[in-house]
Every structure is written in structure tokens, then in C-alpha cells.
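K.L.:
Sharing a structure, written as C-alpha cells. Questions coming.
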Amino acid sequence: MGRVTLAGRVALVTGASRGVGKGVVLGLAEAGATVYFTGRSVRGEAASVPLGGTIEDTAEEAQALGGEAIPIRCDHRHDDEVRAVFDRIRAERGRLDVLVNNAWAGYEYLHRGEYQHLGAPFWTRPLSLWDDMFAGGVRTQYVGSGLAAPLLIESGGGLIVHISSFASIRSDGDVALGVAKGATDRLAAETAGELREHNVAVVSLYPGLVRTESVVAAAEGGFIDLSNSESPQFAGRAVAALAADPNVLERTGRVLVVAEVAEEYGFTDVDGATPQSLRGHYEPRK
């Protein structure tokens with residue numbers, strides 16, 4: 001595949017101070033898109049979670065790749081803030097071509113150091129973990145999709161990508177996460193059915209083992225093997241490839257895997273590696 005070009009396209013990526021969201025911004029920026037993105041962590045203030053990264057950091061890295069990146073402070077649990085993001089895009093650009101629903105507050109218990117709940121039986125875990133997954137996760141995707149749909153339709157069509165995960169297939173002991181990611185995939189399928197006639201494709205996208213800030217820290221402690229891992233930007237390249245495909249509507253409603261998208265479209269990770277799909281590892285147990 002040749003270089004993907006998204007010049008003239010306008011994208012919005014939610015939750016991009018760090019991690020996969022940041023990687024998606026970088027992948028779209030290197031393809032020449034104008035990328036609006038949101039996050040809660042800003043310079044000069046206490047971070048929303050005890051990890052590095054701010055929306056300003058993401059903007060600088062994206063602009064270094066040649067793209068136009070516009071950071072917007074936003075907490076996606078507050079609808080008025082989210083609505084203001086879309087109002088700004090409409091006022092400044094008059095169009096939207098790509099929405100990437102990445103914001104997800106469901107992991108904040110880990111960021112708070114509450115590791116005793118990781119893998120614990122669901123009946124021993126705080127009920128608030130369910131609310132984190134749905135109110136701070138699935139609901140933000142539903143709201144984002146609903147606010148994006150009119151702009152995408154007015155723009156002649158486009159693409160919505162839900163960042164999901166293999167937890168939807170097998171969550172290995174995290175009931176709330178597995179059910180929530182399953183809901184994400186169902187949300188993609190249901191909205192795809194309604195948006196098809198408007199030339200808007202909707203997909204769920206599964207990254208593999210991504211070298212996010214927290215994963216790298218765990219690997220340094222010897223807890224994770226990174227031999228078959230992906231940079232966050234690898235997912236961004238997958239989104240860019242899908243957005244540039246004139247036949248992307250043929251994929252609408254489907255669950256896609258980043259490594260499999262890379263194989264089909266012929267791109268590599270930023271280090272030239274070709275990570276392998278984890279689909280076989282996560283197939284449901286018999």
C-alpha cells in the first residue's frame with residue numbers, strides 16, 4: 001500500500017492525552033488529516049490519572065509529523081462539554097469525516113492503584129467498577145456517535161471507529177470489562193445498520209498488546225512480554241487506512257483487528273515490525 005493521504009479530511013479522536021488515543025491522533029496526522037482531539041490532562045495542572053501525557057504533548061508530536069492537530073480539553077462524562085466540541089468543529093470546519101471513540105474511564109481503578117480488584121471474582125469487586133465501564137466508557141461512545149452522526153451525514157458520509165478490545169471475546173476474569181466491550185461491539189453493529197444508507201461506516205477495532213505508558217511500565221517490572229506488541233500509532237495507521245478506503249462501507253458493522261487490517265492494507269508499525277493478530281489466543285474457551 002502506498003502512502004495514505006487524508007488531506008482535507010477532518011477527524012475527531014476522543015481521549016488522546018496518551019495511549020491508544022494519542023497513537024490514533026499521530027496516525028491520522030501523518031496521513032495529513034486535520035485532527036481535533038480531546039483529553040482531560042493539560043499542562044500546569046494535576047494529571048487526571050497518575051501517568052504522563054497531556055493534550056499539548058500529543059499536539060506537538062502530531063504537528064511534528066506534518067499534520068494539523070487541535071487539542072480540546074473535555075471530560076466525556078459531561079455531555080455539555082462534548083456537545084461544545086462538536087459545535088466547535090462545525091463552526092470552524094463545517095464538516096466531519098472520521099470519529100474515533102477512544103475515551104474510556106473504565107480502567108481508572110488500576111490507575112488509582114487498586115490492583116486487588118484485578119482478576120478478583122465479580123461479587124467481591126466494588127459496584128462502582130461497573131459504572132466506570134458503562135458511564136465512563138460505553139455511554140461516552142453512544143453520546144459521541146449521536147452527536148457526530150449529523151455532521152458526518154451532512155459531509156456526505158464518513159467513518160466511526162470504536163476502540164474496543166479482545167475482552168469482548170474473553171475477558172479472563174473481568175466481567176464488567178467483558179460485558180462493556182461486548183456492548184461497544186453491539187453499539188457499532190446497531191448504529192452501522194442505521195447509518196449505512198447515509199454512507200457512514202461504523203466498525204469496532206481491536207488493538208493487540210499496545211505499548212502504552214502503563215503497559216511499558218509493567219513490562220519493565222517483568223510482568224508483560226512485549227515480543228509481539230504494537231506501538232499506539234499502529235492503531236492510528238489502521239484507522240487512517242480504513243478512512244482512506246473508498247470501499248470502507250463494505251466493512252460496516254464488523255469487528256476488525258489492527259494487525260489484520262495492517263496485513264490486508266500492507267502497512268507496518270512505526271519500527272517496521274509486523275505484529276501478529278491475537279485473535280487465536282483470545283478465542284472463547286470450549
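Each chain in the C-alpha cells gets a letter, A, B, ..., in the order shown, and its residues are numbered from 1; ligands are numbered from 1 in order too.
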Hey, what's within 8 Å of Ile224 of chain A if we count only C-alpha atoms and toss same-chain stuff fewer than 4 positions away? As JSON, numbers by chain, please?
P.N.:
{"A": [215, 218, 219]}
K.L.:
Please save N, CA and C atoms of the selected residues as a PDB file, in the first residue's frame.
P.N.:
```pdb
ATOM      1  N   VAL A 215       1.498  -0.115  30.129  1.00  0.00           N
ATOM      2  CA  VAL A 215       1.989  -1.428  29.714  1.00  0.00           C
ATOM      3  C   VAL A 215       3.514  -1.467  29.717  1.00  0.00           C
ATOM      4  N   ALA A 218       4.705  -1.851  33.226  1.00  0.00           N
ATOM      5  CA  ALA A 218       4.526  -3.217  33.706  1.00  0.00           C
ATOM      6  C   ALA A 218       5.579  -4.142  33.108  1.00  0.00           C
ATOM      7  N   ALA A 219       5.929  -3.914  31.832  1.00  0.00           N
ATOM      8  CA  ALA A 219       6.949  -4.739  31.173  1.00  0.00           C
ATOM      9  C   ALA A 219       8.313  -4.538  31.823  1.00  0.00           C
TER      10      ALA A 219
END
```
K.L.:
As a PyMOL selection string, please: every residue in segment 1-53 of chain A that a backbone DSSP assignment puts in helix (DSSP H, G or I).
P.N.:
chain A and resi 19-30
K.L.:
Using only C-alpha atoms, which residues of segment 240-275 of chain A come within 12 Å of segment 17-37 of chain A, and what is the closest atom pair for each, with the distance in Å to one decimal? Give it as JSON lines, sorted by chain and residue number.
P.N.:
```
{"residue": "A:Ala240", "atom": "CA", "partner": "A:Leu28", "partner_atom": "CA", "distance": 5.5}
{"residue": "A:Ala241", "atom": "CA", "partner": "A:Ala31", "partner_atom": "CA", "distance": 9.0}
{"residue": "A:Leu242", "atom": "CA", "partner": "A:Leu28", "partner_atom": "CA", "distance": 10.7}
{"residue": "A:Ala243", "atom": "CA", "partner": "A:Leu28", "partner_atom": "CA", "distance": 9.2}
{"residue": "A:Ala244", "atom": "CA", "partner": "A:Ala31", "partner_atom": "CA", "distance": 9.3}
{"residue": "A:Val258", "atom": "CA", "partner": "A:Val24", "partner_atom": "CA", "distance": 11.5}
{"residue": "A:Phe267", "atom": "CA", "partner": "A:Gly27", "partner_atom": "CA", "distance": 11.6}
{"residue": "A:Thr268", "atom": "CA", "partner": "A:Gly27", "partner_atom": "CA", "distance": 11.8}
{"residue": "A:Asp269", "atom": "CA", "partner": "A:Gly27", "partner_atom": "CA", "distance": 10.3}
{"residue": "A:Val270", "atom": "CA", "partner": "A:Gly27", "partner_atom": "CA", "distance": 9.7}
```
K.L.:
Any chance you can output those residues with N, CA and C atoms as a compact mmCIF listing (two decimals), in the first residue's frame?
P.N.:
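See part-v8.txt below for the written result:
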```
# COMPACT_ATOMS: atom_id res chain seq x y z
N ALA A 240 -6.34 5.27 9.73
CA ALA A 240 -6.08 6.06 8.53
C ALA A 240 -6.33 5.23 7.26
N ALA A 241 -5.89 3.98 7.27
CA ALA A 241 -6.10 3.12 6.10
C ALA A 241 -7.58 2.90 5.84
N LEU A 242 -8.34 2.68 6.89
CA LEU A 242 -9.78 2.48 6.73
C LEU A 242 -10.45 3.75 6.23
N ALA A 243 -10.05 4.89 6.79
CA ALA A 243 -10.67 6.16 6.39
C ALA A 243 -10.38 6.50 4.94
N ALA A 244 -9.24 6.05 4.44
CA ALA A 244 -8.86 6.36 3.06
C ALA A 244 -9.44 5.37 2.05
N VAL A 258 -6.48 -4.74 14.47
CA VAL A 258 -5.47 -3.84 13.92
C VAL A 258 -4.42 -4.61 13.11
N PHE A 267 0.60 -2.18 5.56
CA PHE A 267 1.44 -1.23 6.27
C PHE A 267 2.07 -1.91 7.48
N THR A 268 3.11 -1.30 8.01
CA THR A 268 3.84 -1.84 9.16
C THR A 268 3.72 -0.89 10.34
N ASP A 269 4.25 -1.33 11.46
CA ASP A 269 4.31 -0.47 12.62
C ASP A 269 5.42 0.56 12.41
N VAL A 270 5.52 1.52 13.32
CA VAL A 270 6.47 2.62 13.15
C VAL A 270 7.92 2.15 13.14
```
K.L.:
Please provide as an MDAnalysis selection string all residues within 8 Å of Gln141 of chain A, with the sequence filter that same-chain residues fewer than 6 positions apart are discarded (counting only C-alpha atoms).
P.N.:
chainID A and resid 101:103 162 184
K.L.:
Could you check the closest approach to Gly136 of chain A for each of A:Ala180, A:Leu96, A:Ala262, A:Leu159 and tell me which residue wins, using only C-alpha atoms?
P.N.:
A:Ala180
K.L.:
List the spatial neighbours of Val179 of chain A as a PyMOL selection string - criterion: any atom at most 9 Å away, only C-alpha atoms, same-chain residues fewer than 5 positions off excluded.
P.N.:
chain A and resi 133+167-168+171+174+184
K.L.:
Could you pull the residues within 7 Å of Val203 of chain A, counting only C-alpha atoms, minus those fewer than 6 positions along the same chain, as a VMD selection string?
P.N.:
chain A and resid 160 to 162 188 252 to 255
K.L.:
How would the residues just chosen look if you wrote them out with C-alpha atoms as a CSV table (one decimal), in the first residue's frame?
P.N.:
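Result went into result-v1.csv, see below:
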```csv
chain,number,residue,atom,x,y,z
A,160,ILE,CA,-16.9,5.9,13.1
A,161,VAL,CA,-14.4,3.7,14.8
A,162,HIS,CA,-15.0,2.3,18.3
A,188,ALA,CA,-21.1,-0.5,16.4
A,252,THR,CA,-19.5,-1.6,8.3
A,253,GLY,CA,-20.8,-3.3,11.4
A,254,ARG,CA,-17.8,-5.6,11.7
A,255,VAL,CA,-15.2,-6.2,14.3
```
K.L.:
Neighbours of Glu154 of chain A within 12 Å (only C-alpha atoms; same-chain residues fewer than 2 positions away dropped), as number ranges by chain?
P.N.:
A: 90, 94-97, 148-152, 156-158, 198-200
K.L.:
Would you save the residues of that selection, restricted to C-alpha atoms, as a PDB file, in the first residue's frame?
P.N.:
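Everything below was put into result-v7.pdb:
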```
ATOM      1  CA  ARG A  90     -18.978  22.613  12.927  1.00  0.00           C
ATOM      2  CA  GLY A  94     -18.220  22.785   8.706  1.00  0.00           C
ATOM      3  CA  ARG A  95     -17.638  19.065   8.310  1.00  0.00           C
ATOM      4  CA  LEU A  96     -16.520  15.853   9.992  1.00  0.00           C
ATOM      5  CA  ASP A  97     -15.217  12.780   8.205  1.00  0.00           C
ATOM      6  CA  ALA A 148     -21.217  13.056  15.255  1.00  0.00           C
ATOM      7  CA  ALA A 149     -23.871  11.463  13.044  1.00  0.00           C
ATOM      8  CA  PRO A 150     -25.486  14.703  11.768  1.00  0.00           C
ATOM      9  CA  LEU A 151     -22.098  16.192  10.834  1.00  0.00           C
ATOM     10  CA  LEU A 152     -20.948  13.004   9.125  1.00  0.00           C
ATOM     11  CA  GLY A 156     -21.559  13.114   2.592  1.00  0.00           C
ATOM     12  CA  GLY A 157     -20.561  10.147   4.726  1.00  0.00           C
ATOM     13  CA  GLY A 158     -17.602   9.020   6.751  1.00  0.00           C
ATOM     14  CA  HIS A 198     -26.159   7.690   4.787  1.00  0.00           C
ATOM     15  CA  ASN A 199     -22.766   6.366   3.612  1.00  0.00           C
ATOM     16  CA  VAL A 200     -21.356   6.281   7.156  1.00  0.00           C
TER      17      VAL A 200
END
```
K.L.:
Taking into account only C-alpha atoms, which residue in the set A:Ser204, A:Ser214, A:Thr5, A:Thr140 is nearest to Val261 of chain A?
P.N.:
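Nearest to Val261 of chain A: A:Ser204.
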K.L.:
Mind pulling up the distance from atom CA of Arg279 of chain A to atom CA of Ile169 of chain A?
P.N.:
9.1 Å
K.L.:
Leaving out Cys74 of chain A and any residue of its chain fewer than 4 positions from it, which residues lie within 7 Å of it when counting only C-alpha atoms, given as a VMD selection string?
P.N.:
chain A and resid 38 to 40 81 to 82
K.L.:
For Glu194 of chain A, which of A:Gly8, A:Gly146, A:Gly236, A:Gly178 is the closest residue, counting only C-alpha atoms?
P.N.:
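Of A:Gly8, A:Gly146, A:Gly236, A:Gly178, the one nearest Glu194 of chain A, counting only C-alpha atoms, is A:Gly146.
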